[in-house]
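Participant: Below is the structure I would like to discuss, written out as structure tokens.
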2 protein chains.
Amino acid sequence: MEKFLCGIDIGGTKLSAGLIGRDGAIHDKITVFDHVDKTEHELVEQVAWLINYLLQRKRLQESDLHGIGIGFPGHVRYKDGIIITTSNLKGFKNYPLRQAVQENFRVPVLLDNDANAQAFGEFKYGAGRGYESLIFLTISSGIGAGIILNGKLYRGITGTAGEFGHTIVNPESSLVCTCGNKGCLMACACGLALPYLFRRKLEEGIKTTLPLPEDFNFNNVDGKLIKKGLDSGDPISRAVILDCADYIGIGIYNIFQVFNPPAVILGGGLLCWGELYLNRIRSKFSSLARDMIHDRIDIIESGLGSDAGLIGAAALLL
Amino acid sequence: MEKFLCGIDIGGTKLSAGLIGRDGAIHDKITVFDHVDKTEHELVEQVAWLINYLLQRKRLQESDLHGIGIGFPGHVRYKDGIIITTSNLKGFKNYPLRQAVQENFRVPVLLDNDANAQAFGEFKYGAGRGYESLIFLTISSGIGAGIILNGKLYRGITGTAGEFGHTIVNPESSLVCTCGNKGCLMACACGLALPYLFRRKLEEGIKTTLPLPEDFNFNNVDGKLIKKGLDSGDPISRAVILDCADYIGIGIYNIFQVFNPPAVILGGGLLCWGELYLNRIRSKFSSLARDMIHDRIDIIESGLGSDAGLIGAAALLL
């Protein structure tokens, strides 16, 4: 029997474990939401328990696994399997997660950044099939990314390459990023920016048709609210989407100039904004790149959607 | 006898041809300045003549050459050996330079962008020795760059990767780049920006101690004038240098976030500004990168200086 790849996708909200075939198909999957408050040790125990549970459920042995691939939302020292830091879970400062999980299994365990795993998943099984290189961006409250060059993940010396979200695209911006700097792409163009952008549009005199309470806290403006506004024809929501798209268009233009890649793949929560968003990203990019495009570059949507992380974590083993 | 590498460094002002050893040493070199007004065909003839002249002068045969490597200042379609476009010489639109030179020789001919050649020269023989990856930036009137990842030049699908100079670092800037966009790194941070920056400092009320004529044309402000100002204690020249350095610091910070490289190597004319400039670049970078640096990153000066292009063009053959 062909061996399964075991994927573990650890997020800031949910944790998924799955048995993935070599064709990228999910054969079984389990998702939990109670990992967030666990200590490092408890989380490792939970991961081990989930894997054994999946094996039992399929009447499999550990030896039926090719290995275990883990995607983690934070800075990962790839070669050593160590989490340097994360802003999505408590603790995990310089934590040797790979080794801690490995102590429970004899099959090989790999650990990588979650966006790297997603990028590799898209490359192997998703929208990135057929491209030899690609840049993957996941746009939600923050921006994550993975770089595939000539068929391989490019990670840099530490393992933290691909932080396009922290590149500075406007040093005059007053928008502060989670990293503490001003004018990062992440501060200007994704979930983090929405409360500021929404309020600024209001101050500029644009009216919202969203039914907001008197004491509305603008920090609650998120991608879902803007999507609701878009669907109901709210002018502010529309304007906010266009602003965000323009910055992502600049970000992709910068990626184009630096990597000259055949494809940029976009995933993440804000893609729910649909065609208005994606088309504006593409047109902003085109208006900047113009006659500097000598070979086609495709700006396309993720093919695996929310499963990219799970499938990609498993694919790291290939 | 060991074979020589023949390097051809075509620039917007000078053209050098040289015989380079496998150790990177220049055994013979000839530089001309009259190539600028030649047609494509005339330039090819000149290159062929220079190579044969060098061979004769050393009493060598063509078969004593390992090959001929050419660095050209423009967009190069590497795989096909075609120049797509250049703003440094007239003509050369979609011109198959590699083939045209090849028709004169039996040894292999390679063609690459000049900054790529310089980057590879630094990697093999200059300040980049010992690093497995590096980013090379050459800062003069414009900004060129080359990317070495895991020991190899990364060129992208067309061959135009590494255009950090055209990444947009300030969409609110009014500074226009040669590409037509506003707020490119190149528009804000190098020779192109000097006339604007100089005038703005004057308008801000800073006094210059440079002896400028009444009818001074600010378009004549270049790196050499600013260097003269720096050496004579001119406050405007100093302020302009710091502004440029800050933008290069931002550019290197963005490179750091994207590539997580062990080294960034700086070359080009503006490096004549010396320690004030280089130290400010480093301190701007550090103020942005802070605790996000997990492994050492060296920001260092080119080791080959103005010979990087010639030696690098030859090194492309290795």
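Chain identifiers are assigned as A, B, and so on, following the order in which chains appear in the structure tokens; residues are numbered from 1 within each chain, and ligands are numbered from 1 in order of appearance.
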Could you build a table of the residues in chain A lying no more than 9 Å from chain B, giving for each the nearest pair of atoms and their separation in Å rounded to one decimal place, using only C-alpha atoms, ordered by chain and ascending residue number, as JSON lines?
Facilitator:
{"residue": "A:Arg77", "atom": "CA", "partner": "B:His294", "partner_atom": "CA", "distance": 8.9}
{"residue": "A:Ile84", "atom": "CA", "partner": "B:His294", "partner_atom": "CA", "distance": 8.3}
{"residue": "A:Ser133", "atom": "CA", "partner": "B:Gly156", "partner_atom": "CA", "distance": 8.3}
{"residue": "A:Ile147", "atom": "CA", "partner": "B:Val258", "partner_atom": "CA", "distance": 9.0}
{"residue": "A:Leu149", "atom": "CA", "partner": "B:Gly156", "partner_atom": "CA", "distance": 8.6}
{"residue": "A:Tyr154", "atom": "CA", "partner": "B:Phe259", "partner_atom": "CA", "distance": 8.2}
{"residue": "A:Arg155", "atom": "CA", "partner": "B:Asn260", "partner_atom": "CA", "distance": 7.5}
{"residue": "A:Gly156", "atom": "CA", "partner": "B:Asn260", "partner_atom": "CA", "distance": 4.6}
{"residue": "A:Ile157", "atom": "CA", "partner": "B:Pro261", "partner_atom": "CA", "distance": 5.9}
{"residue": "A:Thr158", "atom": "CA", "partner": "B:Asp295", "partner_atom": "CA", "distance": 6.3}
{"residue": "A:Gly159", "atom": "CA", "partner": "B:Asn260", "partner_atom": "CA", "distance": 7.5}
{"residue": "A:Thr160", "atom": "CA", "partner": "B:Asn260", "partner_atom": "CA", "distance": 6.2}
{"residue": "A:Ala161", "atom": "CA", "partner": "B:Asn260", "partner_atom": "CA", "distance": 4.8}
{"residue": "A:Gly162", "atom": "CA", "partner": "B:Val258", "partner_atom": "CA", "distance": 4.3}
{"residue": "A:Glu163", "atom": "CA", "partner": "B:Gln257", "partner_atom": "CA", "distance": 5.0}
{"residue": "A:Phe164", "atom": "CA", "partner": "B:Val258", "partner_atom": "CA", "distance": 5.7}
{"residue": "A:Gly165", "atom": "CA", "partner": "B:Gln257", "partner_atom": "CA", "distance": 8.5}
{"residue": "A:His166", "atom": "CA", "partner": "B:Gln257", "partner_atom": "CA", "distance": 6.5}
{"residue": "A:Thr167", "atom": "CA", "partner": "B:Asn254", "partner_atom": "CA", "distance": 4.6}
{"residue": "A:Ile168", "atom": "CA", "partner": "B:Val169", "partner_atom": "CA", "distance": 6.4}
{"residue": "A:Val169", "atom": "CA", "partner": "B:Val169", "partner_atom": "CA", "distance": 4.4}
{"residue": "A:Asn170", "atom": "CA", "partner": "B:Asn170", "partner_atom": "CA", "distance": 4.6}
{"residue": "A:Pro171", "atom": "CA", "partner": "B:Asn170", "partner_atom": "CA", "distance": 6.5}
{"residue": "A:Glu172", "atom": "CA", "partner": "B:Asn170", "partner_atom": "CA", "distance": 7.5}
{"residue": "A:Cys179", "atom": "CA", "partner": "B:Met292", "partner_atom": "CA", "distance": 8.5}
{"residue": "A:Gly180", "atom": "CA", "partner": "B:Leu288", "partner_atom": "CA", "distance": 8.7}
{"residue": "A:Asn181", "atom": "CA", "partner": "B:Leu288", "partner_atom": "CA", "distance": 6.7}
{"residue": "A:Ile250", "atom": "CA", "partner": "B:Ile168", "partner_atom": "CA", "distance": 7.0}
{"residue": "A:Gly251", "atom": "CA", "partner": "B:Ile168", "partner_atom": "CA", "distance": 8.3}
{"residue": "A:Tyr253", "atom": "CA", "partner": "B:Thr167", "partner_atom": "CA", "distance": 7.2}
{"residue": "A:Asn254", "atom": "CA", "partner": "B:Thr167", "partner_atom": "CA", "distance": 4.6}
{"residue": "A:Ile255", "atom": "CA", "partner": "B:Thr167", "partner_atom": "CA", "distance": 8.0}
{"residue": "A:Phe256", "atom": "CA", "partner": "B:Ala161", "partner_atom": "CA", "distance": 7.8}
{"residue": "A:Gln257", "atom": "CA", "partner": "B:Glu163", "partner_atom": "CA", "distance": 5.0}
{"residue": "A:Val258", "atom": "CA", "partner": "B:Gly162", "partner_atom": "CA", "distance": 4.4}
{"residue": "A:Phe259", "atom": "CA", "partner": "B:Ala161", "partner_atom": "CA", "distance": 4.8}
{"residue": "A:Asn260", "atom": "CA", "partner": "B:Gly156", "partner_atom": "CA", "distance": 4.6}
{"residue": "A:Pro261", "atom": "CA", "partner": "B:Gly156", "partner_atom": "CA", "distance": 5.7}
{"residue": "A:Pro262", "atom": "CA", "partner": "B:Ile157", "partner_atom": "CA", "distance": 6.4}
{"residue": "A:Leu288", "atom": "CA", "partner": "B:Asn181", "partner_atom": "CA", "distance": 6.7}
{"residue": "A:Ala289", "atom": "CA", "partner": "B:Asn181", "partner_atom": "CA", "distance": 8.9}
{"residue": "A:Met292", "atom": "CA", "partner": "B:Cys179", "partner_atom": "CA", "distance": 8.5}
{"residue": "A:His294", "atom": "CA", "partner": "B:Thr158", "partner_atom": "CA", "distance": 6.8}
{"residue": "A:Asp295", "atom": "CA", "partner": "B:Thr158", "partner_atom": "CA", "distance": 6.3}
Participant: Could you please take those selected residues and save N, CA and C atoms as a short mmCIF file (atom, residue, chain, number, x, y, z; two decimals), in the first residue's frame?
Facilitator:
data_model
loop_
_atom_site.label_atom_id
_atom_site.label_comp_id
_atom_site.auth_asym_id
_atom_site.auth_seq_id
_atom_site.Cartn_x
_atom_site.Cartn_y
_atom_site.Cartn_z
N ARG A 77 13.17 28.61 12.23
CA ARG A 77 14.54 28.31 11.81
C ARG A 77 14.50 26.93 11.18
N ILE A 84 11.30 30.43 16.14
CA ILE A 84 12.00 31.58 16.71
C ILE A 84 11.03 32.43 17.50
N SER A 133 8.59 28.48 -11.13
CA SER A 133 8.78 29.39 -10.01
C SER A 133 7.47 30.13 -9.76
N ILE A 147 8.13 31.58 -1.33
CA ILE A 147 8.83 31.78 -2.59
C ILE A 147 9.26 30.43 -3.14
N LEU A 149 11.37 28.88 -6.18
CA LEU A 149 12.26 29.20 -7.30
C LEU A 149 12.79 27.90 -7.89
N TYR A 154 12.43 28.71 -1.49
CA TYR A 154 13.60 29.49 -1.11
C TYR A 154 13.33 30.05 0.28
N ARG A 155 14.21 29.76 1.23
CA ARG A 155 13.96 30.12 2.62
C ARG A 155 14.93 31.14 3.21
N GLY A 156 16.06 31.40 2.54
CA GLY A 156 17.06 32.29 3.12
C GLY A 156 17.91 31.60 4.16
N ILE A 157 18.83 32.36 4.78
CA ILE A 157 19.76 31.70 5.71
C ILE A 157 19.08 31.21 6.97
N THR A 158 18.14 31.97 7.51
CA THR A 158 17.49 31.58 8.75
C THR A 158 16.30 30.66 8.46
N GLY A 159 15.58 31.03 7.40
CA GLY A 159 14.33 30.33 7.09
C GLY A 159 13.19 31.32 7.06
N THR A 160 13.50 32.60 7.15
CA THR A 160 12.47 33.63 7.28
C THR A 160 12.30 34.46 6.00
N ALA A 161 12.82 33.99 4.87
CA ALA A 161 12.66 34.74 3.62
C ALA A 161 11.19 34.85 3.26
N GLY A 162 10.89 35.80 2.37
CA GLY A 162 9.53 35.92 1.86
C GLY A 162 8.62 36.81 2.65
N GLU A 163 9.19 37.61 3.54
CA GLU A 163 8.33 38.48 4.36
C GLU A 163 7.98 39.77 3.60
N PHE A 164 7.31 39.59 2.47
CA PHE A 164 6.89 40.74 1.67
C PHE A 164 6.02 41.68 2.50
N GLY A 165 5.27 41.12 3.44
CA GLY A 165 4.38 41.94 4.27
C GLY A 165 5.13 42.99 5.04
N HIS A 166 6.39 42.74 5.34
CA HIS A 166 7.17 43.70 6.13
C HIS A 166 8.05 44.61 5.26
N THR A 167 7.98 44.48 3.95
CA THR A 167 8.71 45.43 3.11
C THR A 167 8.02 46.79 3.22
N ILE A 168 8.83 47.82 3.25
CA ILE A 168 8.28 49.18 3.41
C ILE A 168 7.92 49.73 2.04
N VAL A 169 6.65 50.06 1.87
CA VAL A 169 6.19 50.59 0.59
C VAL A 169 5.77 52.05 0.70
N ASN A 170 5.75 52.58 1.92
CA ASN A 170 5.44 54.00 2.07
C ASN A 170 6.00 54.56 3.37
N PRO A 171 7.24 55.06 3.33
CA PRO A 171 7.87 55.54 4.56
C PRO A 171 7.17 56.76 5.15
N GLU A 172 6.30 57.40 4.37
CA GLU A 172 5.57 58.57 4.89
C GLU A 172 4.24 58.19 5.52
N CYS A 179 5.10 44.78 13.46
CA CYS A 179 6.54 44.72 13.70
C CYS A 179 7.06 46.01 14.33
N GLY A 180 6.22 47.05 14.35
CA GLY A 180 6.64 48.31 14.94
C GLY A 180 7.04 49.36 13.93
N ASN A 181 7.33 48.94 12.69
CA ASN A 181 7.69 49.93 11.66
C ASN A 181 6.44 50.55 11.04
N ILE A 250 0.87 47.26 -5.95
CA ILE A 250 2.25 47.77 -5.81
C ILE A 250 3.17 46.66 -5.31
N GLY A 251 2.70 45.92 -4.32
CA GLY A 251 3.50 44.81 -3.79
C GLY A 251 3.83 43.79 -4.86
N TYR A 253 3.85 44.35 -8.08
CA TYR A 253 4.76 45.01 -9.02
C TYR A 253 6.21 44.90 -8.52
N ASN A 254 6.40 45.15 -7.22
CA ASN A 254 7.75 45.04 -6.66
C ASN A 254 8.27 43.60 -6.77
N ILE A 255 7.40 42.64 -6.51
CA ILE A 255 7.76 41.23 -6.67
C ILE A 255 8.17 40.95 -8.11
N PHE A 256 7.41 41.49 -9.04
CA PHE A 256 7.70 41.33 -10.47
C PHE A 256 9.09 41.87 -10.81
N GLN A 257 9.41 43.06 -10.31
CA GLN A 257 10.71 43.65 -10.63
C GLN A 257 11.86 42.86 -10.00
N VAL A 258 11.62 42.31 -8.84
CA VAL A 258 12.70 41.60 -8.14
C VAL A 258 12.84 40.16 -8.63
N PHE A 259 11.72 39.46 -8.82
CA PHE A 259 11.79 38.03 -9.12
C PHE A 259 11.53 37.68 -10.59
N ASN A 260 10.91 38.59 -11.34
CA ASN A 260 10.59 38.28 -12.73
C ASN A 260 9.98 36.86 -12.82
N PRO A 261 8.92 36.63 -12.02
CA PRO A 261 8.36 35.27 -11.93
C PRO A 261 7.25 35.07 -12.96
N PRO A 262 6.97 33.82 -13.33
CA PRO A 262 5.85 33.58 -14.24
C PRO A 262 4.48 33.65 -13.57
N LEU A 288 1.51 49.86 -13.61
CA LEU A 288 2.90 50.11 -13.20
C LEU A 288 3.89 49.36 -14.09
N ALA A 289 3.55 48.15 -14.45
CA ALA A 289 4.51 47.29 -15.17
C ALA A 289 4.53 47.56 -16.67
N MET A 292 7.23 46.98 -19.42
CA MET A 292 8.36 46.29 -18.80
C MET A 292 8.09 44.78 -18.69
N HIS A 294 8.00 41.47 -20.30
CA HIS A 294 8.50 40.85 -21.54
C HIS A 294 8.00 39.41 -21.69
N ASP A 295 7.67 38.78 -20.58
CA ASP A 295 7.08 37.45 -20.61
C ASP A 295 5.86 37.48 -19.70
#
Participant: Can you pull out every residue within 7 Å of B:Glu40, counting only C-alpha atoms, but drop anything in the same chain fewer than 2 positions away, and send it as a list in words?
Facilitator: Lys38, Glu42, Leu43, Val44, Gly91 and Phe92 of chain B
Participant: Grab the residues selected above and save them as a compact mmCIF listing (two decimals), in the first residue's frame with N, CA, C and O atoms.
Facilitator:
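What landed in result28.txt:
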# COMPACT_ATOMS: atom_id res chain seq x y z
N LYS B 38 28.26 54.05 -32.05
CA LYS B 38 28.29 53.03 -33.10
C LYS B 38 26.91 52.35 -33.26
O LYS B 38 26.13 52.30 -32.31
N GLU B 42 28.42 47.80 -35.94
CA GLU B 42 29.75 48.37 -35.70
C GLU B 42 30.28 47.99 -34.32
O GLU B 42 31.47 47.73 -34.14
N LEU B 43 29.39 47.96 -33.34
CA LEU B 43 29.83 47.61 -31.99
C LEU B 43 30.27 46.15 -31.93
O LEU B 43 31.28 45.83 -31.29
N VAL B 44 29.56 45.29 -32.64
CA VAL B 44 29.96 43.88 -32.69
C VAL B 44 31.35 43.76 -33.32
O VAL B 44 32.22 43.03 -32.82
N GLY B 91 19.79 52.25 -30.04
CA GLY B 91 19.47 51.00 -30.72
C GLY B 91 19.40 49.82 -29.78
O GLY B 91 18.99 49.96 -28.62
N PHE B 92 19.81 48.64 -30.26
CA PHE B 92 19.85 47.40 -29.47
C PHE B 92 18.47 46.98 -28.97
O PHE B 92 18.35 46.40 -27.91
Participant: Can you list, as a ChimeraX atom specification, every residue of stretch 198-296 of chain A that DSSP puts in alpha helix (DSSP H)?
Facilitator: /A:198-203,223-231,235-259,274-289
Participant: I want to know what sits within 9 Å of B:Pro195, based on only C-alpha atoms, with residues of the same chain fewer than 3 positions away left out; could you give that as a PyMOL selection string?
Facilitator: chain B and resi 191-192+198-200+217-222
Participant: Quick one, how far is atom CA of A:Phe72 from atom CA of A:Lys227?
Facilitator: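 Spanning atom CA of A:Phe72 to atom CA of A:Lys227 is a straight-line distance of 27.5 Å.
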Participant: Return as a list in words the full set of residues in stretch 97-271 of chain A whose backbone-based DSSP assignment is strand (DSSP E or B).
Facilitator: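 Taking stretch 97-271 of chain A and keeping strand (DSSP E or B) only, one gets Val109, Leu110, Leu111, Asp112, Asn113, Leu134, Ile135, Phe136, Leu137, Thr138, Ile139, Ile143, Gly144, Ala145, Gly146, Ile147, Ile148, Leu149, Lys152, Leu153, Ile168, Val176, Lys182, Cys184, Ala263, Val264, Ile265, Leu266 and Gly267 of chain A.
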Participant: Please produce an output containing C-alpha atoms for each residue in the selection, written as a CSV table (one decimal), in the first residue's frame.
Facilitator:
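Final file, part05.csv:
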chain,number,residue,atom,x,y,z
A,109,VAL,CA,9.1,15.1,11.1
A,110,LEU,CA,9.6,18.5,9.2
A,111,LEU,CA,8.7,22.0,10.4
A,112,ASP,CA,8.2,25.1,8.2
A,113,ASN,CA,6.5,28.4,8.3
A,134,LEU,CA,6.1,31.4,-8.2
A,135,ILE,CA,5.5,33.7,-5.4
A,136,PHE,CA,2.5,32.9,-3.1
A,137,LEU,CA,0.9,35.6,-1.0
A,138,THR,CA,-1.7,35.0,1.7
A,139,ILE,CA,-3.7,38.1,2.6
A,143,ILE,CA,0.3,39.0,4.9
A,144,GLY,CA,2.3,35.8,4.6
A,145,ALA,CA,4.3,34.5,1.7
A,146,GLY,CA,6.3,31.7,0.2
A,147,ILE,CA,8.8,31.8,-2.6
A,148,ILE,CA,9.3,28.9,-5.0
A,149,LEU,CA,12.3,29.2,-7.3
A,152,LYS,CA,12.2,24.6,-4.6
A,153,LEU,CA,11.1,26.7,-1.6
A,168,ILE,CA,8.3,49.2,3.4
A,176,VAL,CA,2.0,51.1,12.1
A,182,LYS,CA,5.6,52.3,9.7
A,184,CYS,CA,5.0,48.1,5.7
A,263,ALA,CA,3.2,33.6,-11.6
A,264,VAL,CA,2.0,35.2,-8.4
A,265,ILE,CA,-0.7,33.3,-6.5
A,266,LEU,CA,-3.0,34.9,-4.0
A,267,GLY,CA,-4.8,33.3,-1.1
Participant: Considering only C-alpha atoms, state which residue in the set B:Glu45, B:Asp28, B:Asp298, B:Asp34 is at the smallest distance from B:Glu103.
Facilitator: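 Selected residue with least distance to B:Glu103: B:Glu45.
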Participant: If you measure from atom CA of A:Ser140 to atom CA of A:Lys79, what distance in Å do you get, rounded to one decimal?
Facilitator: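 Separation between atom CA of A:Ser140 and atom CA of A:Lys79: 27.4 Å.
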Participant: Taking into account only C-alpha atoms, which residue in the set B:Cys188, B:Leu270, B:Leu5, B:Ile206 is nearest to B:Pro108?
Facilitator: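 Closest to B:Pro108 of all the choices is B:Leu5.
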